[in-house]
Each structure stands twice: as C-alpha cells, then as structure tokens.
$ cat my_file.cif   # mmCIF, C-alpha atoms and all ligand atoms
data_model
loop_
_atom_site.label_atom_id
_atom_site.label_comp_id
_atom_site.auth_asym_id
_atom_site.auth_seq_id
_atom_site.Cartn_x
_atom_site.Cartn_y
_atom_site.Cartn_z
CA MET A 4 38.66 9.03 12.38
CA ARG A 5 35.11 10.30 12.28
CA LEU A 6 32.58 11.22 9.64
CA PRO A 7 32.41 14.29 7.36
CA VAL A 8 32.44 17.92 8.46
CA CYS A 9 29.00 17.55 9.96
CA PHE A 10 30.06 14.39 11.71
CA ARG A 11 33.29 15.99 12.87
CA PRO A 12 34.46 15.37 16.42
CA VAL A 13 33.45 17.81 19.13
CA ALA A 14 34.59 17.90 22.72
CA ARG A 15 32.62 15.26 24.60
CA MET A 16 30.66 17.78 26.61
CA TYR A 17 31.10 21.11 24.93
CA GLN A 18 30.14 24.27 26.75
CA SER A 19 29.89 27.52 24.92
CA PRO A 20 32.97 29.59 25.81
CA LYS A 21 30.62 32.48 26.50
CA GLN A 22 28.98 30.61 29.35
CA THR A 23 30.22 29.55 32.75
CA ALA A 24 30.15 25.84 33.57
CA GLU A 25 27.44 26.46 36.14
CA ALA A 26 25.04 28.22 33.80
CA ALA A 27 25.89 25.87 30.89
CA PRO A 28 22.83 26.77 28.82
CA TYR A 29 24.46 25.04 25.84
CA ARG A 30 25.99 21.59 26.01
CA VAL A 31 26.73 19.05 23.31
CA HIS A 32 26.71 15.29 23.68
CA ASP A 33 28.82 13.76 20.96
CA ARG A 34 27.19 10.58 19.69
CA SER A 35 28.60 10.80 16.18
CA GLN A 36 29.41 7.56 14.44
CA PRO A 37 32.86 6.35 13.47
CA THR A 38 33.78 6.31 9.79
CA ASP A 39 33.24 2.53 9.85
CA THR A 40 29.52 3.18 9.51
CA LEU A 41 30.10 5.15 6.32
CA VAL A 42 32.39 2.42 5.00
CA GLU A 43 29.77 -0.23 5.75
CA ASP A 44 26.98 1.81 4.16
CA VAL A 45 29.08 2.55 1.06
CA ARG A 46 30.11 -1.09 0.64
CA ALA A 47 26.53 -2.26 1.10
CA GLY A 48 25.06 0.47 -1.11
CA LEU A 49 27.60 0.80 -3.93
CA GLY A 50 28.94 -2.73 -3.95
CA THR A 51 25.56 -4.07 -5.15
CA SER A 52 22.96 -3.38 -7.79
CA PRO A 53 20.81 -1.29 -7.80
CA LYS A 54 23.15 1.19 -6.15
CA ARG A 55 21.94 3.32 -3.25
CA LEU A 56 23.07 5.44 -0.31
CA PRO A 57 21.33 6.57 2.90
CA ALA A 58 20.17 10.20 2.70
CA LYS A 59 22.04 11.20 5.87
CA TYR A 60 25.32 11.53 3.92
CA PHE A 61 23.99 14.61 2.11
CA TYR A 62 24.34 16.66 5.25
CA ASP A 63 27.90 17.83 5.52
CA GLU A 64 28.19 21.58 6.07
CA THR A 65 27.79 22.37 2.35
CA GLY A 66 24.84 19.98 2.06
CA SER A 67 23.12 21.55 5.04
CA ARG A 68 23.53 25.05 3.60
CA LEU A 69 22.21 23.86 0.24
CA PHE A 70 19.22 22.27 1.97
CA GLU A 71 18.40 25.57 3.65
CA ALA A 72 18.63 27.33 0.27
CA ILE A 73 16.34 24.70 -1.31
CA CYS A 74 13.76 25.41 1.41
CA ALA A 75 13.56 29.00 0.17
CA THR A 76 13.00 28.16 -3.52
CA PRO A 77 9.56 28.91 -4.98
CA GLU A 78 9.11 25.26 -5.97
CA TYR A 79 9.83 23.77 -2.53
CA TYR A 80 6.40 24.17 -0.90
CA PRO A 81 6.95 21.79 2.14
CA THR A 82 8.96 24.23 4.27
CA ARG A 83 6.62 27.17 3.67
CA THR A 84 3.55 25.03 4.27
CA GLU A 85 4.84 23.45 7.47
CA ASP A 86 6.14 26.79 8.69
CA ALA A 87 2.67 28.34 8.28
CA LEU A 88 1.08 25.38 10.07
CA LEU A 89 3.49 25.65 12.99
CA ARG A 90 3.12 29.40 13.18
CA MET A 91 -0.66 29.00 13.34
CA HIS A 92 -0.85 26.06 15.75
CA ALA A 93 2.29 26.29 17.92
CA ALA A 94 0.42 27.67 20.94
CA GLU A 95 -2.19 24.92 20.78
CA ILE A 96 0.45 22.22 20.32
CA MET A 97 2.50 23.46 23.27
CA ASP A 98 -0.65 23.77 25.33
CA LEU A 99 -1.75 20.24 24.55
CA ALA A 100 1.74 18.77 25.08
CA GLY A 101 2.75 20.93 28.05
CA PRO A 102 6.42 19.98 27.71
CA ALA A 103 9.34 20.79 29.99
CA ILE A 104 11.63 19.34 27.31
CA LEU A 105 11.46 19.59 23.51
CA VAL A 106 13.49 16.91 21.73
CA GLU A 107 13.83 17.51 17.99
CA PHE A 108 15.19 14.79 15.73
CA GLY A 109 16.96 15.99 12.57
CA SER A 110 16.66 19.54 13.87
CA GLY A 111 18.75 21.29 11.19
CA SER A 112 18.43 25.08 11.35
CA ALA A 113 15.49 24.78 13.82
CA GLU A 114 13.79 27.71 12.16
CA LYS A 115 10.35 26.13 12.19
CA SER A 116 10.65 24.69 15.68
CA GLU A 117 11.39 28.22 16.83
CA HIS A 118 7.59 28.78 16.65
CA LEU A 119 7.16 26.08 19.30
CA LEU A 120 9.80 27.65 21.52
CA ALA A 121 8.19 31.07 21.11
CA ALA A 122 4.86 29.63 22.23
CA GLN A 123 6.32 28.31 25.48
CA ASP A 124 5.82 30.22 28.69
CA GLY A 125 8.71 29.81 31.09
CA GLU A 126 11.65 27.43 31.14
CA LEU A 127 12.29 24.78 28.55
CA VAL A 128 15.12 22.41 27.71
CA TYR A 129 15.61 22.07 23.95
CA VAL A 130 17.37 18.93 22.74
CA PRO A 131 18.28 19.14 19.04
CA VAL A 132 19.52 15.85 17.60
CA ASP A 133 21.33 16.09 14.27
CA VAL A 134 24.32 14.64 12.45
CA CYS A 135 25.41 18.15 11.46
CA GLU A 136 27.15 19.75 14.44
CA PRO A 137 27.91 23.20 12.96
CA VAL A 138 24.26 23.67 12.03
CA ILE A 139 23.14 22.68 15.55
CA GLU A 140 25.61 25.10 17.07
CA ILE A 141 24.51 28.06 14.95
CA ALA A 142 20.85 27.32 15.70
CA ALA A 143 21.53 26.90 19.44
CA HIS A 144 23.20 30.29 19.73
CA ARG A 145 20.43 31.99 17.77
CA LEU A 146 17.78 30.42 20.03
CA LEU A 147 19.65 31.18 23.25
CA GLY A 148 19.91 34.79 22.16
CA ARG A 149 16.15 34.98 21.66
CA PHE A 150 14.92 32.89 24.62
CA PRO A 151 16.72 33.69 27.88
CA ALA A 152 14.92 30.91 29.80
CA LEU A 153 16.08 28.23 27.34
CA ARG A 154 18.68 25.53 27.93
CA VAL A 155 20.07 23.57 24.98
CA GLU A 156 21.30 20.00 25.43
CA ALA A 157 22.36 19.16 21.89
CA ILE A 158 23.08 15.64 20.69
CA VAL A 159 25.34 15.32 17.65
CA GLY A 160 24.51 11.96 16.16
CA GLU A 161 21.90 9.84 14.47
CA TYR A 162 18.28 9.87 15.54
CA GLU A 163 17.11 6.50 14.18
CA ARG A 164 17.28 4.76 17.57
CA PRO A 165 15.92 7.25 20.09
CA GLY A 166 16.02 4.49 22.69
CA ASP A 167 19.83 4.60 22.60
CA LEU A 168 20.16 8.40 22.97
CA PRO A 169 20.97 10.20 26.24
CA LEU A 170 17.61 11.98 26.40
CA PRO A 171 16.69 13.95 29.52
CA ASP A 172 13.64 12.68 31.40
CA SER A 173 13.07 15.25 34.10
CA GLY A 174 9.59 16.33 32.93
CA ALA A 175 7.00 15.95 30.19
CA ARG A 176 8.63 15.75 26.78
CA LEU A 177 7.52 16.75 23.33
CA PHE A 178 9.42 14.75 20.72
CA ALA A 179 9.39 16.24 17.23
CA LEU A 180 10.34 14.90 13.83
CA ILE A 181 9.25 17.55 11.35
CA GLY A 182 10.46 18.69 7.93
CA SER A 183 9.10 15.50 6.34
CA THR A 184 12.32 13.83 7.49
CA ILE A 185 10.54 10.54 8.29
CA GLY A 186 9.89 10.29 4.55
CA ASN A 187 13.60 9.57 4.06
CA LEU A 188 13.16 6.27 5.90
CA ALA A 189 11.73 3.16 4.24
CA GLU A 190 8.53 1.84 5.86
CA ALA A 191 10.33 -0.74 8.06
CA GLU A 192 12.95 1.82 9.14
CA ALA A 193 10.24 4.34 9.99
CA VAL A 194 8.37 1.78 12.09
CA ASP A 195 11.62 0.79 13.86
CA PHE A 196 12.28 4.46 14.68
CA LEU A 197 8.74 5.01 15.97
CA VAL A 198 8.75 1.82 18.04
CA SER A 199 12.10 2.76 19.60
CA LEU A 200 10.64 6.21 20.38
CA ARG A 201 7.35 4.86 21.70
CA ARG A 202 9.21 2.58 24.12
CA ARG A 203 10.96 5.66 25.44
CA MET A 204 7.73 7.62 25.88
CA GLY A 205 5.89 7.95 29.17
CA PRO A 206 2.15 8.72 29.47
CA ALA A 207 2.78 12.49 29.62
CA ASP A 208 5.08 12.54 26.58
CA ARG A 209 3.86 13.56 23.13
CA PHE A 210 5.19 13.22 19.59
CA LEU A 211 4.87 15.80 16.82
CA LEU A 212 5.34 14.41 13.32
CA GLY A 213 5.50 16.55 10.16
CA VAL A 214 4.92 14.64 6.92
CA ASP A 215 4.52 15.57 3.31
CA ARG A 216 1.36 14.41 1.57
CA VAL A 217 0.65 12.75 -1.76
CA LYS A 218 -0.31 15.46 -4.25
CA PRO A 219 -0.23 16.12 -8.02
CA THR A 220 2.90 14.67 -9.59
CA ALA A 221 3.78 17.94 -11.33
CA VAL A 222 3.94 19.77 -7.98
CA LEU A 223 6.19 17.09 -6.48
CA ASN A 224 8.46 16.85 -9.51
CA ALA A 225 8.92 20.62 -9.56
CA ALA A 226 9.78 20.69 -5.83
CA TYR A 227 12.72 18.33 -6.41
CA ASN A 228 13.88 19.90 -9.68
CA ASP A 229 14.08 23.59 -8.84
CA ALA A 230 14.94 25.93 -11.68
CA ALA A 231 17.93 27.37 -9.81
CA GLY A 232 19.56 23.91 -9.74
CA LEU A 233 20.00 23.86 -5.96
CA THR A 234 18.54 20.38 -5.52
CA ALA A 235 20.86 19.13 -8.26
CA ALA A 236 23.85 20.69 -6.45
CA PHE A 237 22.67 19.18 -3.14
CA ASN A 238 22.37 15.75 -4.77
CA LEU A 239 25.81 15.93 -6.45
CA ASN A 240 27.42 17.20 -3.23
CA VAL A 241 27.20 13.71 -1.77
CA LEU A 242 29.97 12.72 -4.21
CA ASP A 243 32.24 15.36 -2.62
CA VAL A 244 31.44 13.86 0.79
CA LEU A 245 32.47 10.38 -0.42
CA ASN A 246 35.61 11.70 -2.13
CA ARG A 247 36.68 13.57 0.99
CA GLU A 248 35.98 10.78 3.46
CA LEU A 249 37.06 7.81 1.39
CA ALA A 250 39.78 9.42 -0.79
CA GLY A 251 37.51 8.76 -3.77
CA ASP A 252 37.76 9.93 -7.37
CA PHE A 253 34.11 10.55 -8.24
CA ARG A 254 33.82 13.26 -10.91
CA LYS A 255 30.60 15.20 -10.64
CA GLN A 256 30.59 15.95 -14.37
CA GLU A 257 30.09 12.22 -15.01
CA PHE A 258 26.63 12.36 -13.39
CA GLU A 259 23.32 14.15 -13.70
CA HIS A 260 20.61 14.84 -11.14
CA LEU A 261 17.41 12.84 -11.52
CA ALA A 262 14.34 13.23 -9.30
CA PHE A 263 10.80 12.01 -9.91
CA PHE A 264 7.64 11.02 -8.07
CA ASP A 265 6.84 7.31 -8.28
CA GLU A 266 3.06 7.26 -7.99
CA HIS A 267 2.92 3.54 -7.27
CA LYS A 268 5.41 3.69 -4.38
CA GLU A 269 4.14 7.12 -3.30
CA GLN A 270 7.69 8.41 -2.99
CA VAL A 271 9.96 10.90 -4.66
CA GLU A 272 13.24 9.26 -5.58
CA MET A 273 16.43 11.17 -6.08
CA HIS A 274 19.19 9.55 -8.11
CA LEU A 275 22.53 10.39 -9.68
CA ARG A 276 22.61 9.03 -13.24
CA ALA A 277 25.91 8.16 -14.87
CA LEU A 278 26.28 9.92 -18.22
CA ARG A 279 28.70 7.30 -19.52
CA LYS A 280 30.32 4.04 -18.52
CA HIS A 281 33.12 4.66 -16.06
CA ARG A 282 34.94 3.41 -12.99
CA VAL A 283 35.30 5.03 -9.55
CA HIS A 284 37.84 4.17 -6.85
CA LEU A 285 37.07 4.53 -3.15
CA PRO A 286 40.28 3.42 -1.40
CA GLY A 287 38.88 4.36 2.03
CA ALA A 288 36.27 1.65 1.60
CA GLU A 289 38.60 -0.63 -0.41
CA LEU A 290 36.05 -0.49 -3.18
CA VAL A 291 36.11 -0.11 -6.96
CA VAL A 292 32.71 0.77 -8.43
CA ASP A 293 31.73 0.42 -12.08
CA PHE A 294 28.92 2.52 -13.52
CA ASP A 295 27.23 1.69 -16.82
CA ALA A 296 26.00 4.54 -19.01
CA GLY A 297 22.56 5.51 -17.68
CA GLU A 298 22.97 3.52 -14.46
CA THR A 299 21.71 5.33 -11.37
CA LEU A 300 22.73 5.61 -7.75
CA ARG A 301 19.66 6.27 -5.60
CA THR A 302 20.59 8.91 -3.05
CA GLU A 303 17.26 9.60 -1.36
CA ILE A 304 13.67 8.53 -1.03
CA SER A 305 11.12 11.03 0.21
CA ARG A 306 7.91 9.19 1.01
CA LYS A 307 4.62 11.01 0.68
CA PHE A 308 1.65 10.06 2.82
CA THR A 309 -2.11 9.97 2.67
CA ARG A 310 -4.12 10.41 5.80
CA ALA A 311 -4.75 6.64 5.79
CA SER A 312 -1.08 5.63 5.32
CA LEU A 313 -0.05 8.07 8.04
CA THR A 314 -2.58 6.61 10.50
CA ARG A 315 -1.41 3.10 9.58
CA LEU A 316 2.23 4.03 10.16
CA LEU A 317 1.52 5.41 13.63
CA ALA A 318 -0.68 2.44 14.53
CA ALA A 319 2.01 -0.03 13.42
CA ALA A 320 4.30 1.54 16.02
CA GLY A 321 1.71 1.63 18.80
CA MET A 322 0.98 5.35 18.52
CA ARG A 323 -2.29 7.20 18.21
CA ALA A 324 -2.97 10.61 16.68
CA LEU A 325 -4.49 13.12 19.09
CA ARG A 326 -4.69 16.09 16.73
CA HIS A 327 -4.14 16.48 13.01
CA PHE A 328 -3.25 19.88 11.54
CA THR A 329 -3.37 20.29 7.78
CA PRO A 330 -3.89 23.25 5.43
CA GLU A 331 -6.90 23.47 3.15
CA ASN A 332 -5.01 22.02 0.17
CA GLU A 333 -3.83 19.09 2.38
CA TYR A 334 -0.26 19.50 1.09
CA PHE A 335 1.27 18.69 4.48
CA SER A 336 0.31 17.16 7.83
CA LEU A 337 1.38 17.88 11.35
CA VAL A 338 0.23 15.20 13.75
CA LEU A 339 0.38 15.32 17.52
CA ALA A 340 0.48 11.74 18.80
CA ALA A 341 0.74 9.79 22.03
CA ALA A 342 1.94 6.28 22.83
CA GLU A 343 -0.93 3.78 23.00
CA SER A 344 -1.28 2.73 26.57
CA GLY A 345 -0.89 -1.00 27.16
CA HIS A 346 1.12 -1.55 23.96
CA ASN A 347 3.69 -4.22 24.63
CA GLY A 348 5.63 -4.43 21.34
C1 LIG B 401 15.08 17.21 5.67
S1 LIG B 401 16.18 18.02 6.78
C2 LIG B 401 15.03 18.75 7.93
C3 LIG B 401 15.64 19.82 8.77
C4 LIG B 401 14.65 20.56 9.68
N1 LIG B 401 14.07 19.66 10.66
C5 LIG B 401 13.56 21.19 8.86
O1 LIG B 401 12.40 20.83 9.08
O2 LIG B 401 13.86 22.04 8.03
C6 LIG B 401 16.85 16.67 7.63
C7 LIG B 401 17.75 17.01 8.81
O3 LIG B 401 18.05 15.81 9.48
C8 LIG B 401 19.45 15.66 9.62
N2 LIG B 401 19.67 14.21 9.48
C9 LIG B 401 19.59 13.47 8.36
N3 LIG B 401 19.77 12.16 8.65
C10 LIG B 401 19.97 12.11 9.99
C11 LIG B 401 20.21 11.05 10.89
N4 LIG B 401 20.27 9.80 10.46
N5 LIG B 401 20.37 11.34 12.21
C12 LIG B 401 20.32 12.64 12.66
N6 LIG B 401 20.09 13.68 11.83
C13 LIG B 401 19.92 13.42 10.53
C14 LIG B 401 20.09 16.50 8.57
O4 LIG B 401 21.39 16.95 8.97
C15 LIG B 401 19.08 17.64 8.44
O5 LIG B 401 19.36 18.68 9.33
#
$ encode --input "my_file.cif" --output "structure tokens"
Amino acid sequence: MRLPVCFRPVARMYQSPKQTAEAAPYRVHDRSQPTDTLVEDVRAGLGTSPKRLPAKYFYDETGSRLFEAICATPEYYPTRTEDALLRMHAAEIMDLAGPAILVEFGSGSAEKSEHLLAAQDGELVYVPVDVCEPVIEIAAHRLLGRFPALRVEAIVGEYERPGDLPLPDSGARLFALIGSTIGNLAEAEAVDFLVSLRRRMGPADRFLLGVDRVKPTAVLNAAYNDAAGLTAAFNLNVLDVLNRELAGDFRKQEFEHLAFFDEHKEQVEMHLRALRKHRVHLPGAELVVDFDAGETLRTEISRKFTRASLTRLLAAAGMRALRHFTPENEYFSLVLAAAESGHNG
C-alpha cells in the first residue's frame, strides 16, 4: 500500500503513451514512500502533545488544487511577487547558471518555473520532484507542449534528501526550491536539506532559493486567512487524507482553521483547533487520539526570513549567495547560490 492520491503508485518508469520509447521526453521515477512513513509520522505527531503533522500531507490531489486556488487569492501575495521576480530575472538567472538540467524540488504546477524554461535557449532536461504525481504529470505535458526541445525526467517522491534522489548529472545543473517551500521545514530540517544538496553539487551547479520575508503581521495574517476560505479548506483537507489512508473518523465540523504569524519565531503557524472535547480513531495507525476543547493540531509552519537569517541559513549549509533578487517592498527573496568550495561538512 502506498500514500494518498498524490502518493499513488505509478509504473516504475512511466512513458507518456503519446511518445515512443526512443523519444521518451517524459519519464517518471517513482520514489514515493510506503504508507509506513505516514503511520510513523501520525503516531509521532498525534500520539504526543502538542500535536503536529508534517505539511507534506496536505498535498493530495484536492490539496494541490486548493493550493493553486490559494495562490490566486488577492491576499496571497507570495505567488504574485515571486512570479513577477522570476518573470523579470529569469534570463539573467539562466545566463548566470547556464544549466543543461533544471531540477525543481516541490515543483507543483511549475507555473513560475516556466519563466526559467522560457528563458533557456536550446535543449534542457527538467526534473520536477514532488509528492503529487498527478500535478507533475499535468505540468509536464503543458511544458512539453510549449517547449519542443525539453525533456522531463520527473521524480515522484520527497525532496528532503536530494543526495538520495536519482538526479541526472550529465551537465551543469540549476537546482530550484521556490514557492517559499523551504519555510515549511524547521531550521534543522532546512539545514539538513541544504547540506544534502550541497554535497550533491559540483562547481558548475547552482541553487535558486525562493523565500518569503518577514513583513507586517497584518499582511501575513491576511495571506493565511483569505476571505474566500480556501486556506481553511486546504487546512481541513488534511483530515480527509488521514481518514482515507488510515480509515479514520475525523469530522471536519469538529475543527476550525487557525493561522497566525508568531513574531518571535518569525513563522506563520497553521493549526486545526478542536471546537469541543472529542475522540478520533485511526485504525490504520492503531491509534486513538483525544482532543480537548480548544486543543490544536499544528499542520504547517511557514518560516519567514530576513536578509540576515537567509544568509545565515545558506552559510550553515556551506552555501554562498551569488545574486539576490528582491522587489522594492522586500516582500520576497530569490537567491542564486553556489556551494562553498572547500567545504567539508
Ligand atoms: C508550497 S507548494 C509550492 C509549489 C510550487 N513550487 C510553487 O512555487 O507554487 C509545495 C509543493 O511541494 C510539494 N511537497 C510538499 N512536501 C513535499 C516533500 N516532502 N517532498 C516533495 N514534494 C513536496 C507539494 O506537493 C507542493 O507541490
């Protein structure tokens, strides 16, 4: 058994039926995790107090669609801001990085990375890495339709340990983690990811990181509490994922969406707050979970960075910023980085 819709099994090496094996412009490597990982995460996260879950479980097919809809809300400035930055600087980034291969971690719909592909002259191999296979597949076919010289070598699986992924190495690579996705990792997890990536990087490889910045609390709180209720639906959807995968009996009406910026921790936290005391059964994880009235389950952190904390994060992993792109209001940062030469860690 494997993980939810987005973690669903695919043929080991899938080739689009429209393509011959020789041309194979679209292939998928299945590195999705067995359900055991979900069971372990749920036992560790719900079997203790305070309760928490890793953000990756949001992204079944419904969650991915809701995320895309959130990106289009007036309150959710990060997507628009990063999109404008990429549109403006894609040519310079591709010029500086000169990649033969673009590896994108947590690629999702790949709408923003499309600016990078459009700025590339000639052939390129695009390697989207995401837990959500249907979303990768839709994006891959859209991109192949637009860029005839593109090849897509998708990896369905988790990006946290790039060192363990079957990444091509037949030319200079641009690794990208945009969309503020690194903010979903705690500091130690983010450093582990970056160190694993840096160890994989050669002198010609580059890394493009997109991070959200610390800004007025009201702007951040609005971004995670959109008036249309899409973020609330996205948050609550994780209970459907757990019910489906673990035969659970979570009832969404027993919870409310809660999201706020913690100025001290410099992170937005998203929680599900129990409206009353109740009990939930998750037979698939052999777990019974009691919620007190008002108790919360933390479902996501989204860390926000200052220029200083961003530089510190890269340095802790043995990386160095080469170029920093930010809009006038400094709401978002795109950083092009390289591995420090001579770093042994
Ligand atoms: C915040 S969204 C960003 C999507 C896209 N890069 C963008 O900028 O709009 C995070 C993406 O990472 C994927 N994701 C989340 N956790 C992941 C993990 N541990 N491994 C691989 N992909 C993951 C989700 O499916 C989703 O597509």
$ residues_near_ligand --input "my_file.cif" --ligand "ligand LIG 401 (chain B)" --cutoff "6 Å" --atoms "only C-alpha atoms and all ligand atoms" --output "PyMOL selection string"
chain A and resi 59+62+109-111+113+132-135+160-163+181-182+184
$ closest_atom_pairs --input "my_file.cif" --of "segment 159-199 of chain A" --to "segment 262-282 of chain A" --cutoff "12 Å" --atoms "all atoms listed in the file" --output "CSV"
residue,atom,partner,partner_atom,distance
A:Ser183,CA,A:Gln270,CA,11.8
A:Ile185,CA,A:Gln270,CA,11.8
A:Gly186,CA,A:Gln270,CA,8.1
A:Asn187,CA,A:Gln270,CA,9.3
A:Leu188,CA,A:Gln270,CA,10.7
A:Ala189,CA,A:Gln270,CA,9.8
A:Glu190,CA,A:Lys268,CA,10.9
$ atom_distance --input "my_file.cif" --atom1 "atom CA of Leu223 of chain A" --atom2 "atom CA of Thr51 of chain A"
28.7 Å
$ residues_around --input "my_file.cif" --residues "Gly321 of chain A" --least-positions-apart "3" --cutoff "12 Å" --atoms "only C-alpha atoms" --output "VMD selection string"
chain A and resid 194 to 202 204 314 to 318 324 340 to 348
$ residues_around --input "my_file.cif" --residues "Leu180 of chain A" --least-positions-apart "3" --cutoff "7 Å" --atoms "all atoms listed in the file" --output "PyMOL selection string"
chain A and resi 107-109+184+211-213
$ closest_residue --input "my_file.cif" --among "A:Glu78, A:Glu140, A:Glu126, A:Asp39" --to "Gly232 of chain A" --atoms "all atoms listed in the file"
A:Glu78
$ atom_distance --input "my_file.cif" --atom1 "atom CA of Glu95 of chain A" --atom2 "atom CA of Ala207 of chain A"
16.0 Å
$ residues_near_point --input "my_file.cif" --point "(11.5, 13.3, 23.9)" --cutoff "9 Å" --atoms "only C-alpha atoms" --output "PyMOL selection string"
chain A and resi 104-107+130+165+170-172+175-179+200+203-204+208-210
$ atom_distance --input "my_file.cif" --atom1 "atom CA of Asp63 of chain A" --atom2 "atom CA of Val338 of chain A"
29.0 Å
$ residues_around --input "my_file.cif" --residues "Tyr334 of chain A" --least-positions-apart "6" --cutoff "8 Å" --atoms "only C-alpha atoms" --output "PyMOL selection string"
chain A and resi 81+84+215-218
$ closest_residue --input "my_file.cif" --among "A:Ala93, A:Leu242, A:Ile141, A:Ala288" --to "Tyr60 of chain A" --atoms "all atoms listed in the file"
A:Leu242
$ residues_around --input "my_file.cif" --residues "Ser52 of chain A" --least-positions-apart "3" --cutoff "10 Å" --atoms "all atoms listed in the file" --output "VMD selection string"
chain A and resid 47 to 49 55 298 to 300
$ closest_residue --input "my_file.cif" --among "A:Asn238, A:Gly297, A:Gly66, A:Val42" --to "Ala250 of chain A" --atoms "all atoms listed in the file"
A:Val42
$ closest_residue --input "my_file.cif" --among "A:Leu245, A:Ala191, A:Leu339, A:Ala226" --to "Thr82 of chain A" --atoms "all atoms listed in the file"
A:Ala226
$ closest_residue --input "my_file.cif" --among "A:Phe61, A:Tyr29, A:Tyr79, A:Phe328" --to "Asn228 of chain A" --atoms "all atoms listed in the file"
A:Tyr79
$ residues_around --input "my_file.cif" --residues "Val45 of chain A" --least-positions-apart "5" --cutoff "12 Å" --atoms "all atoms listed in the file" --output "NGL selection string"
:A and (38-40 or 50-51 or 54-58 or 60 or 241-242 or 244-246 or 248-249 or 251 or 284-292 or 300 or 302)
$ closest_residue --input "my_file.cif" --among "A:Val31, A:Ala142, A:Ile73, A:Ala157" --to "Lys115 of chain A" --atoms "all atoms listed in the file"
A:Ala142
$ axis_aligned_box --input "my_file.cif" --around "segment 112-131 of chain A" --padding-each-side "3 Å" --output "JSON"
{"center_x": 11.6, "center_y": 25.0, "center_z": 21.2, "size_x": 19.6, "size_y": 18.1, "size_z": 25.8}
